[in-house]
$ cat start-v5.txt   # compact mmCIF, N, CA and C atoms
# COMPACT_ATOMS: atom_id res chain seq x y z
N MET D 117 0.82 -1.19 0.00
CA MET D 117 0.00 0.00 0.00
C MET D 117 0.86 1.26 0.00
N ARG D 118 1.91 1.27 0.81
CA ARG D 118 2.76 2.46 0.89
C ARG D 118 3.54 2.68 -0.39
N LYS D 119 3.92 1.60 -1.06
CA LYS D 119 4.64 1.75 -2.32
C LYS D 119 3.77 2.43 -3.37
N SER D 120 2.52 2.03 -3.43
CA SER D 120 1.64 2.65 -4.41
C SER D 120 1.33 4.10 -4.04
N LEU D 121 1.32 4.41 -2.76
CA LEU D 121 1.09 5.78 -2.31
C LEU D 121 2.28 6.67 -2.67
N LYS D 122 3.48 6.10 -2.63
CA LYS D 122 4.68 6.86 -3.00
C LYS D 122 4.62 7.26 -4.48
N TRP D 123 4.02 6.46 -5.31
CA TRP D 123 3.91 6.76 -6.74
C TRP D 123 2.71 7.65 -7.04
N LEU D 124 1.68 7.53 -6.26
CA LEU D 124 0.46 8.27 -6.52
C LEU D 124 0.66 9.79 -6.43
N ILE D 125 1.36 10.24 -5.42
CA ILE D 125 1.55 11.69 -5.23
C ILE D 125 2.35 12.29 -6.39
N PRO D 126 3.51 11.73 -6.79
CA PRO D 126 4.23 12.32 -7.93
C PRO D 126 3.43 12.27 -9.24
N VAL D 127 2.66 11.21 -9.45
CA VAL D 127 1.85 11.11 -10.66
C VAL D 127 0.79 12.20 -10.68
N ILE D 128 0.16 12.46 -9.55
CA ILE D 128 -0.85 13.52 -9.47
C ILE D 128 -0.21 14.89 -9.70
N VAL D 129 0.95 15.13 -9.11
CA VAL D 129 1.64 16.42 -9.27
C VAL D 129 2.05 16.62 -10.73
N VAL D 130 2.66 15.62 -11.34
CA VAL D 130 3.09 15.74 -12.74
C VAL D 130 1.88 15.91 -13.65
N SER D 131 0.82 15.17 -13.40
CA SER D 131 -0.40 15.32 -14.20
C SER D 131 -0.96 16.73 -14.08
N GLY D 132 -0.97 17.26 -12.88
CA GLY D 132 -1.46 18.63 -12.67
C GLY D 132 -0.62 19.65 -13.42
N ILE D 133 0.70 19.47 -13.40
CA ILE D 133 1.59 20.38 -14.13
C ILE D 133 1.34 20.30 -15.63
N VAL D 134 1.20 19.10 -16.15
CA VAL D 134 0.94 18.92 -17.59
C VAL D 134 -0.38 19.56 -17.98
N ILE D 135 -1.41 19.35 -17.20
CA ILE D 135 -2.72 19.95 -17.49
C ILE D 135 -2.63 21.47 -17.44
N TYR D 136 -1.94 22.02 -16.45
CA TYR D 136 -1.77 23.47 -16.35
C TYR D 136 -1.03 24.02 -17.57
N LEU D 137 0.09 23.39 -17.93
CA LEU D 137 0.86 23.87 -19.08
C LEU D 137 0.06 23.76 -20.38
N PHE D 138 -0.69 22.70 -20.54
CA PHE D 138 -1.51 22.51 -21.74
C PHE D 138 -2.57 23.61 -21.85
N SER D 139 -3.24 23.89 -20.74
CA SER D 139 -4.32 24.88 -20.79
C SER D 139 -3.80 26.30 -20.89
N SER D 140 -2.64 26.59 -20.34
CA SER D 140 -2.12 27.96 -20.38
C SER D 140 -1.31 28.24 -21.64
N SER D 141 -0.94 27.22 -22.39
CA SER D 141 -0.10 27.42 -23.57
C SER D 141 -0.90 27.75 -24.83
N GLY D 142 -2.21 27.66 -24.78
CA GLY D 142 -3.01 27.91 -25.98
C GLY D 142 -3.24 26.64 -26.78
N MET D 143 -2.67 25.55 -26.36
CA MET D 143 -2.86 24.29 -27.09
C MET D 143 -4.30 23.81 -26.99
N GLY D 144 -5.00 24.22 -25.96
CA GLY D 144 -6.41 23.84 -25.83
C GLY D 144 -7.22 24.38 -26.99
N LYS D 145 -6.95 25.62 -27.41
CA LYS D 145 -7.64 26.23 -28.55
C LYS D 145 -7.31 25.49 -29.84
N VAL D 146 -6.05 25.15 -30.03
CA VAL D 146 -5.63 24.42 -31.22
C VAL D 146 -6.33 23.07 -31.27
N THR D 147 -6.38 22.39 -30.15
CA THR D 147 -7.04 21.09 -30.09
C THR D 147 -8.52 21.21 -30.38
N THR D 148 -9.16 22.24 -29.83
CA THR D 148 -10.58 22.46 -30.07
C THR D 148 -10.85 22.75 -31.55
N ASP D 149 -10.00 23.59 -32.16
CA ASP D 149 -10.16 23.92 -33.58
C ASP D 149 -10.01 22.68 -34.46
N LEU D 150 -9.01 21.86 -34.16
CA LEU D 150 -8.82 20.63 -34.94
C LEU D 150 -9.99 19.68 -34.77
N ALA D 151 -10.50 19.57 -33.55
CA ALA D 151 -11.64 18.68 -33.31
C ALA D 151 -12.87 19.16 -34.06
N GLN D 152 -13.08 20.47 -34.09
CA GLN D 152 -14.25 21.01 -34.80
C GLN D 152 -14.12 20.78 -36.30
N ALA D 153 -12.93 21.01 -36.85
CA ALA D 153 -12.73 20.79 -38.29
C ALA D 153 -12.87 19.30 -38.62
N TYR D 154 -12.40 18.46 -37.73
CA TYR D 154 -12.48 17.01 -37.91
C TYR D 154 -13.94 16.56 -37.98
N ALA D 155 -14.79 17.21 -37.19
CA ALA D 155 -16.21 16.82 -37.12
C ALA D 155 -17.04 17.42 -38.25
N ASP D 156 -16.55 18.48 -38.89
CA ASP D 156 -17.32 19.18 -39.94
C ASP D 156 -16.99 18.58 -41.31
N LYS D 157 -17.80 17.67 -41.77
CA LYS D 157 -17.52 16.96 -43.02
C LYS D 157 -17.62 17.85 -44.25
N GLY D 158 -18.52 18.83 -44.23
CA GLY D 158 -18.77 19.64 -45.42
C GLY D 158 -17.70 20.66 -45.73
N LEU D 159 -16.98 21.13 -44.73
CA LEU D 159 -16.01 22.20 -44.93
C LEU D 159 -14.99 21.85 -46.01
N TYR D 160 -14.36 20.71 -45.90
CA TYR D 160 -13.32 20.32 -46.85
C TYR D 160 -13.90 19.66 -48.09
N LYS D 161 -14.94 18.88 -47.91
CA LYS D 161 -15.56 18.19 -49.05
C LYS D 161 -16.02 19.19 -50.10
N ASN D 162 -16.74 20.23 -49.67
CA ASN D 162 -17.24 21.24 -50.61
C ASN D 162 -16.12 22.05 -51.24
N ALA D 163 -15.08 22.35 -50.47
CA ALA D 163 -13.94 23.09 -51.01
C ALA D 163 -13.23 22.27 -52.09
N ILE D 164 -13.09 20.98 -51.86
CA ILE D 164 -12.44 20.12 -52.86
C ILE D 164 -13.31 20.00 -54.10
N GLU D 165 -14.63 19.93 -53.93
CA GLU D 165 -15.53 19.89 -55.09
C GLU D 165 -15.38 21.16 -55.93
N LYS D 166 -15.28 22.32 -55.26
CA LYS D 166 -15.10 23.57 -55.99
C LYS D 166 -13.76 23.58 -56.71
N ALA D 167 -12.73 23.07 -56.06
CA ALA D 167 -11.41 23.00 -56.69
C ALA D 167 -11.43 22.06 -57.89
N ASN D 168 -12.10 20.93 -57.75
CA ASN D 168 -12.17 19.97 -58.85
C ASN D 168 -12.99 20.47 -60.03
N SER D 169 -13.78 21.51 -59.83
CA SER D 169 -14.54 22.07 -60.95
C SER D 169 -13.75 23.16 -61.68
N ASN D 170 -12.55 23.45 -61.21
CA ASN D 170 -11.70 24.48 -61.82
C ASN D 170 -10.75 23.82 -62.82
N GLN D 171 -10.79 24.27 -64.06
CA GLN D 171 -9.99 23.65 -65.12
C GLN D 171 -8.49 23.82 -64.89
N GLU D 172 -8.07 24.94 -64.31
CA GLU D 172 -6.65 25.15 -64.01
C GLU D 172 -6.15 24.11 -63.02
N VAL D 173 -6.96 23.80 -62.03
CA VAL D 173 -6.59 22.80 -61.03
C VAL D 173 -6.45 21.44 -61.69
N ILE D 174 -7.40 21.09 -62.54
CA ILE D 174 -7.37 19.79 -63.23
C ILE D 174 -6.11 19.66 -64.08
N SER D 175 -5.75 20.73 -64.79
CA SER D 175 -4.56 20.64 -65.65
C SER D 175 -3.27 20.66 -64.83
N ALA D 176 -3.29 21.27 -63.65
CA ALA D 176 -2.07 21.36 -62.84
C ALA D 176 -1.80 20.10 -62.01
N VAL D 177 -2.77 19.68 -61.22
CA VAL D 177 -2.55 18.53 -60.32
C VAL D 177 -3.51 17.38 -60.59
N GLY D 178 -4.44 17.54 -61.52
CA GLY D 178 -5.44 16.51 -61.78
C GLY D 178 -6.57 16.61 -60.76
N ARG D 179 -7.49 15.66 -60.84
CA ARG D 179 -8.59 15.65 -59.86
C ARG D 179 -8.04 15.40 -58.47
N ILE D 180 -8.50 16.20 -57.53
CA ILE D 180 -8.06 16.05 -56.15
C ILE D 180 -8.83 14.91 -55.51
N LYS D 181 -8.09 14.01 -54.89
CA LYS D 181 -8.71 12.86 -54.23
C LYS D 181 -9.35 13.30 -52.92
N PRO D 182 -10.41 12.61 -52.48
CA PRO D 182 -11.01 12.93 -51.17
C PRO D 182 -9.96 12.76 -50.06
N ILE D 183 -10.06 13.61 -49.06
CA ILE D 183 -9.09 13.53 -47.96
C ILE D 183 -9.60 12.61 -46.87
N ASP D 184 -8.67 12.13 -46.07
CA ASP D 184 -9.06 11.33 -44.92
C ASP D 184 -8.96 12.20 -43.66
N LYS D 185 -9.40 11.68 -42.56
CA LYS D 185 -9.44 12.46 -41.32
C LYS D 185 -8.04 12.83 -40.83
N LEU D 186 -7.06 11.99 -41.10
CA LEU D 186 -5.70 12.27 -40.67
C LEU D 186 -5.15 13.51 -41.37
N THR D 187 -5.58 13.76 -42.59
CA THR D 187 -5.15 14.95 -43.33
C THR D 187 -5.55 16.21 -42.58
N ILE D 188 -6.73 16.23 -42.02
CA ILE D 188 -7.20 17.40 -41.26
C ILE D 188 -6.33 17.59 -40.02
N LEU D 189 -6.02 16.52 -39.33
CA LEU D 189 -5.20 16.61 -38.13
C LEU D 189 -3.78 17.06 -38.44
N ASN D 190 -3.29 16.76 -39.64
CA ASN D 190 -1.95 17.18 -40.04
C ASN D 190 -1.94 18.59 -40.61
N GLY D 191 -3.10 19.15 -40.86
CA GLY D 191 -3.18 20.49 -41.43
C GLY D 191 -3.17 21.57 -40.36
N GLU D 192 -3.52 22.76 -40.80
CA GLU D 192 -3.60 23.90 -39.90
C GLU D 192 -5.01 24.45 -39.94
N VAL D 193 -5.60 24.68 -38.78
CA VAL D 193 -6.98 25.16 -38.71
C VAL D 193 -7.07 26.24 -37.63
N ILE D 194 -7.68 27.36 -37.98
CA ILE D 194 -7.92 28.42 -37.01
C ILE D 194 -9.36 28.90 -37.16
N PHE D 195 -10.16 28.66 -36.13
CA PHE D 195 -11.53 29.17 -36.10
C PHE D 195 -11.54 30.49 -35.34
N SER D 196 -12.40 31.41 -35.75
CA SER D 196 -12.56 32.68 -35.05
C SER D 196 -14.01 33.12 -35.18
N ASN D 197 -14.32 34.30 -34.61
CA ASN D 197 -15.66 34.87 -34.74
C ASN D 197 -16.73 33.88 -34.25
N ASN D 198 -16.56 33.41 -33.01
CA ASN D 198 -17.48 32.42 -32.43
C ASN D 198 -17.61 31.17 -33.28
N ASN D 199 -16.51 30.72 -33.83
CA ASN D 199 -16.43 29.52 -34.67
C ASN D 199 -17.23 29.64 -35.96
N ASN D 200 -17.46 30.86 -36.43
CA ASN D 200 -18.18 31.06 -37.69
C ASN D 200 -17.25 31.45 -38.83
N THR D 201 -15.98 31.60 -38.57
CA THR D 201 -14.99 31.90 -39.61
C THR D 201 -13.84 30.92 -39.45
N VAL D 202 -13.33 30.42 -40.56
CA VAL D 202 -12.23 29.47 -40.50
C VAL D 202 -11.18 29.81 -41.55
N ASN D 203 -9.93 29.65 -41.16
CA ASN D 203 -8.78 29.69 -42.07
C ASN D 203 -8.09 28.35 -41.90
N SER D 204 -7.86 27.67 -43.01
CA SER D 204 -7.30 26.33 -42.92
C SER D 204 -6.40 26.03 -44.10
N THR D 205 -5.41 25.19 -43.87
CA THR D 205 -4.54 24.70 -44.93
C THR D 205 -4.42 23.19 -44.75
N ILE D 206 -4.65 22.46 -45.83
CA ILE D 206 -4.50 21.00 -45.79
C ILE D 206 -3.69 20.54 -46.99
N LYS D 207 -3.03 19.41 -46.83
CA LYS D 207 -2.33 18.79 -47.95
C LYS D 207 -3.35 18.03 -48.78
N ILE D 208 -3.18 18.12 -50.09
CA ILE D 208 -4.06 17.37 -50.99
C ILE D 208 -3.20 16.53 -51.93
N ILE D 209 -3.83 15.51 -52.48
CA ILE D 209 -3.16 14.67 -53.48
C ILE D 209 -4.03 14.66 -54.71
N GLY D 210 -3.46 15.13 -55.81
CA GLY D 210 -4.15 15.10 -57.08
C GLY D 210 -3.65 13.93 -57.91
N GLU D 211 -4.31 13.68 -59.02
CA GLU D 211 -3.90 12.58 -59.89
C GLU D 211 -2.50 12.79 -60.46
N LYS D 212 -2.08 14.07 -60.59
CA LYS D 212 -0.78 14.38 -61.17
C LYS D 212 0.26 14.80 -60.13
N GLY D 213 -0.16 14.97 -58.90
CA GLY D 213 0.81 15.36 -57.88
C GLY D 213 0.16 16.01 -56.67
N PRO D 214 0.99 16.31 -55.65
CA PRO D 214 0.47 16.87 -54.40
C PRO D 214 0.41 18.39 -54.43
N GLY D 215 -0.23 18.94 -53.43
CA GLY D 215 -0.31 20.39 -53.26
C GLY D 215 -0.90 20.70 -51.91
N LYS D 216 -1.17 21.98 -51.70
CA LYS D 216 -1.83 22.41 -50.46
C LYS D 216 -3.02 23.27 -50.83
N LEU D 217 -4.10 23.09 -50.09
CA LEU D 217 -5.33 23.84 -50.32
C LEU D 217 -5.51 24.80 -49.15
N ASP D 218 -5.53 26.10 -49.46
CA ASP D 218 -5.77 27.14 -48.46
C ASP D 218 -7.23 27.55 -48.54
N ILE D 219 -7.91 27.55 -47.41
CA ILE D 219 -9.35 27.83 -47.38
C ILE D 219 -9.63 28.93 -46.36
N THR D 220 -10.44 29.90 -46.77
CA THR D 220 -11.02 30.88 -45.85
C THR D 220 -12.51 30.86 -46.10
N ALA D 221 -13.28 30.65 -45.03
CA ALA D 221 -14.73 30.54 -45.20
C ALA D 221 -15.45 31.10 -43.97
N LYS D 222 -16.70 31.52 -44.22
CA LYS D 222 -17.58 31.97 -43.14
C LYS D 222 -18.82 31.11 -43.15
N ARG D 223 -19.29 30.77 -41.95
CA ARG D 223 -20.50 29.97 -41.84
C ARG D 223 -21.71 30.90 -41.84
N GLU D 224 -22.65 30.63 -42.76
CA GLU D 224 -23.90 31.38 -42.82
C GLU D 224 -25.04 30.37 -42.90
N ASN D 225 -25.90 30.38 -41.90
CA ASN D 225 -27.04 29.46 -41.84
C ASN D 225 -26.61 28.00 -41.98
N GLU D 226 -25.63 27.61 -41.22
CA GLU D 226 -25.12 26.23 -41.19
C GLU D 226 -24.39 25.80 -42.46
N ASN D 227 -24.19 26.70 -43.42
CA ASN D 227 -23.45 26.39 -44.64
C ASN D 227 -22.20 27.26 -44.70
N TRP D 228 -21.16 26.72 -45.29
CA TRP D 228 -19.92 27.47 -45.44
C TRP D 228 -19.96 28.27 -46.74
N GLN D 229 -19.65 29.57 -46.63
CA GLN D 229 -19.50 30.45 -47.79
C GLN D 229 -18.00 30.70 -47.93
N TYR D 230 -17.43 30.23 -49.02
CA TYR D 230 -15.98 30.32 -49.20
C TYR D 230 -15.59 31.69 -49.72
N GLU D 231 -14.67 32.32 -49.00
CA GLU D 231 -14.14 33.61 -49.43
C GLU D 231 -12.86 33.44 -50.23
N LYS D 232 -12.12 32.38 -49.90
CA LYS D 232 -10.87 32.13 -50.62
C LYS D 232 -10.60 30.63 -50.63
N ILE D 233 -10.27 30.12 -51.80
CA ILE D 233 -9.75 28.77 -51.93
C ILE D 233 -8.58 28.88 -52.89
N ASN D 234 -7.39 28.61 -52.41
CA ASN D 234 -6.19 28.65 -53.24
C ASN D 234 -5.53 27.29 -53.24
N LEU D 235 -4.99 26.90 -54.38
CA LEU D 235 -4.20 25.68 -54.49
C LEU D 235 -2.75 26.09 -54.67
N ARG D 236 -1.88 25.60 -53.80
CA ARG D 236 -0.44 25.85 -53.92
C ARG D 236 0.23 24.54 -54.32
N PHE D 237 1.12 24.63 -55.29
CA PHE D 237 1.84 23.43 -55.73
C PHE D 237 3.15 23.85 -56.37
N LYS D 238 4.01 22.90 -56.63
CA LYS D 238 5.29 23.16 -57.28
C LYS D 238 5.29 22.52 -58.66
N ASP D 239 5.61 23.33 -59.68
CA ASP D 239 5.62 22.81 -61.05
C ASP D 239 6.63 23.56 -61.88
N PRO D 240 7.70 23.03 -62.34
CA PRO D 240 8.31 21.83 -61.78
C PRO D 240 8.66 22.07 -60.32
N LEU D 241 9.30 21.14 -59.71
CA LEU D 241 9.48 21.20 -58.27
C LEU D 241 10.17 22.47 -57.78
N GLU D 242 10.95 23.14 -58.65
CA GLU D 242 11.65 24.36 -58.22
C GLU D 242 10.74 25.58 -58.22
N ASN D 243 9.68 25.57 -59.01
CA ASN D 243 8.80 26.73 -59.16
C ASN D 243 7.50 26.54 -58.41
N ARG D 244 7.21 27.44 -57.50
CA ARG D 244 5.95 27.38 -56.76
C ARG D 244 4.90 28.17 -57.51
N LYS D 245 3.70 27.64 -57.54
CA LYS D 245 2.59 28.31 -58.20
C LYS D 245 1.37 28.30 -57.30
N ILE D 246 0.53 29.31 -57.49
CA ILE D 246 -0.73 29.41 -56.75
C ILE D 246 -1.85 29.60 -57.75
N ILE D 247 -2.90 28.81 -57.61
CA ILE D 247 -4.10 28.98 -58.43
C ILE D 247 -5.19 29.49 -57.50
N GLU D 248 -5.73 30.67 -57.81
CA GLU D 248 -6.85 31.21 -57.05
C GLU D 248 -8.13 30.61 -57.59
N ILE D 249 -8.78 29.78 -56.81
CA ILE D 249 -10.02 29.14 -57.23
C ILE D 249 -11.19 30.06 -56.92
N ILE D 250 -11.19 30.60 -55.71
CA ILE D 250 -12.20 31.58 -55.30
C ILE D 250 -11.47 32.69 -54.57
N GLU D 251 -11.74 33.91 -54.92
CA GLU D 251 -11.18 35.06 -54.21
C GLU D 251 -12.24 36.13 -54.15
N VAL D 252 -12.80 36.34 -52.98
CA VAL D 252 -13.83 37.36 -52.79
C VAL D 252 -13.13 38.63 -52.32
N PRO D 253 -13.38 39.76 -52.97
CA PRO D 253 -12.74 41.01 -52.54
C PRO D 253 -13.11 41.35 -51.10
N TYR D 254 -12.17 41.95 -50.41
CA TYR D 254 -12.38 42.34 -49.01
C TYR D 254 -13.39 43.48 -48.95
N LYS D 255 -14.38 43.35 -48.05
CA LYS D 255 -15.39 44.39 -47.84
C LYS D 255 -15.26 44.94 -46.43
N GLU D 256 -15.37 46.25 -46.29
CA GLU D 256 -15.33 46.85 -44.95
C GLU D 256 -16.72 47.12 -44.45

$ encode --input "start-v5.txt" --output "structure tokens"
Amino acid sequence: MRKSLKWLIPVIVVSGIVIYLFSSSGMGKVTTDLAQAYADKGLYKNAIEKANSNQEVISAVGRIKPIDKLTILNGEVIFSNNNNTVNSTIKIIGEKGPGKLDITAKRENENWQYEKINLRFKDPLENRKIIEIIEVPYKE
């Protein structure tokens, strides 16, 4: 009993320190944003559909394959404005090669309205290119 008690106190202290550091470092927000993006199936699916309807995208990287959930976790996601605005970057794989999809969208009536969808890729590998799929002018 005493041996287990000797381990219990340090484990509780270390766990408390880890929880404190996690919550005070801002990682809680990052984790929440990733979880929300992971749960929102339409955000990326609709953006990829819009990209696949762009002829420049098709000629550059080919049709973009559907992403898996791990792709979202490996990407970057920032929600703001009470989780009604999102900026995100994910890796995509097209039939002709890889790239990154940059997305800026606002939620209106449970649907995402895309303000920006850009495809970044290298062609050839030394030259970086950006295709603007959707670009809505900034309004004040």

$ atom_distance --input "start-v5.txt" --atom1 "atom CA of Ile188 of chain D" --atom2 "atom CA of Tyr154 of chain D"
6.3 Å

$ closest_residue --input "start-v5.txt" --among "D:Asn200, D:Ile183, D:Ile174, D:Leu121" --to "Tyr160 of chain D" --atoms "only N, CA and C atoms"
D:Ile183

$ atom_distance --input "start-v5.txt" --atom1 "atom N of Val177 of chain D" --atom2 "atom C of Gly210 of chain D"
6.7 Å

$ select_by_dssp --input "start-v5.txt" --residues "chain D" --states "helix (DSSP H, G or I)" --output "JSON, numbers by chain"
{"D": [118, 119, 120, 121, 122, 123, 124, 125, 126, 127, 128, 129, 130, 131, 132, 133, 134, 135, 136, 137, 138, 139, 140, 143, 144, 145, 146, 147, 148, 149, 150, 151, 152, 153, 154, 155, 157, 158, 159, 160, 161, 162, 163, 164, 165, 166, 167, 168, 171, 172, 173, 174, 175, 176, 177, 185, 186, 187, 188, 189, 190]}

$ atom_distance --input "start-v5.txt" --atom1 "atom CA of Val134 of chain D" --atom2 "atom CA of Phe195 of chain D"
24.6 Å

$ closest_residue --input "start-v5.txt" --among "D:Gly191, D:Gly178, D:Gly158, D:Gly132" --to "Ser204 of chain D" --atoms "only C-alpha atoms"
D:Gly191

$ closest_residue --input "start-v5.txt" --among "D:Val202, D:Val130, D:Val146, D:Leu217" --to "Ile180 of chain D" --atoms "only C-alpha atoms"
D:Leu217

$ select_by_dssp --input "start-v5.txt" --residues "segment 142-220 of chain D" --states "strand (DSSP E or B)" --output "NGL selection string"
:D and (180 or 192-196 or 201-210 or 214-220)

$ closest_residue --input "start-v5.txt" --among "D:Leu159, D:Ile194, D:Ile209, D:Ala221" --to "Pro182 of chain D" --atoms "only N, CA and C atoms"
D:Ile209

$ closest_residue --input "start-v5.txt" --among "D:Gln152, D:Asn243, D:Asn234, D:Asn199" --to "Asn170 of chain D" --atoms "only C-alpha atoms"
D:Asn234

$ residues_around --input "start-v5.txt" --residues "Val193 of chain D" --least-positions-apart "3" --cutoff "7 Å" --atoms "only C-alpha atoms" --output "list in words"
Asp149, Leu150, Asn203, Ser204 and Thr205 of chain D

$ closest_residue --input "start-v5.txt" --among "D:Val173, D:Trp228, D:Thr201, D:Lys157" --to "Ile247 of chain D" --atoms "only N, CA and C atoms"
D:Val173

$ residues_around --input "start-v5.txt" --residues "Ile233 of chain D" --least-positions-apart "3" --cutoff "7 Å" --atoms "all atoms listed in the file" --output "PyMOL selection string"
chain D and resi 217-220+230+247-252
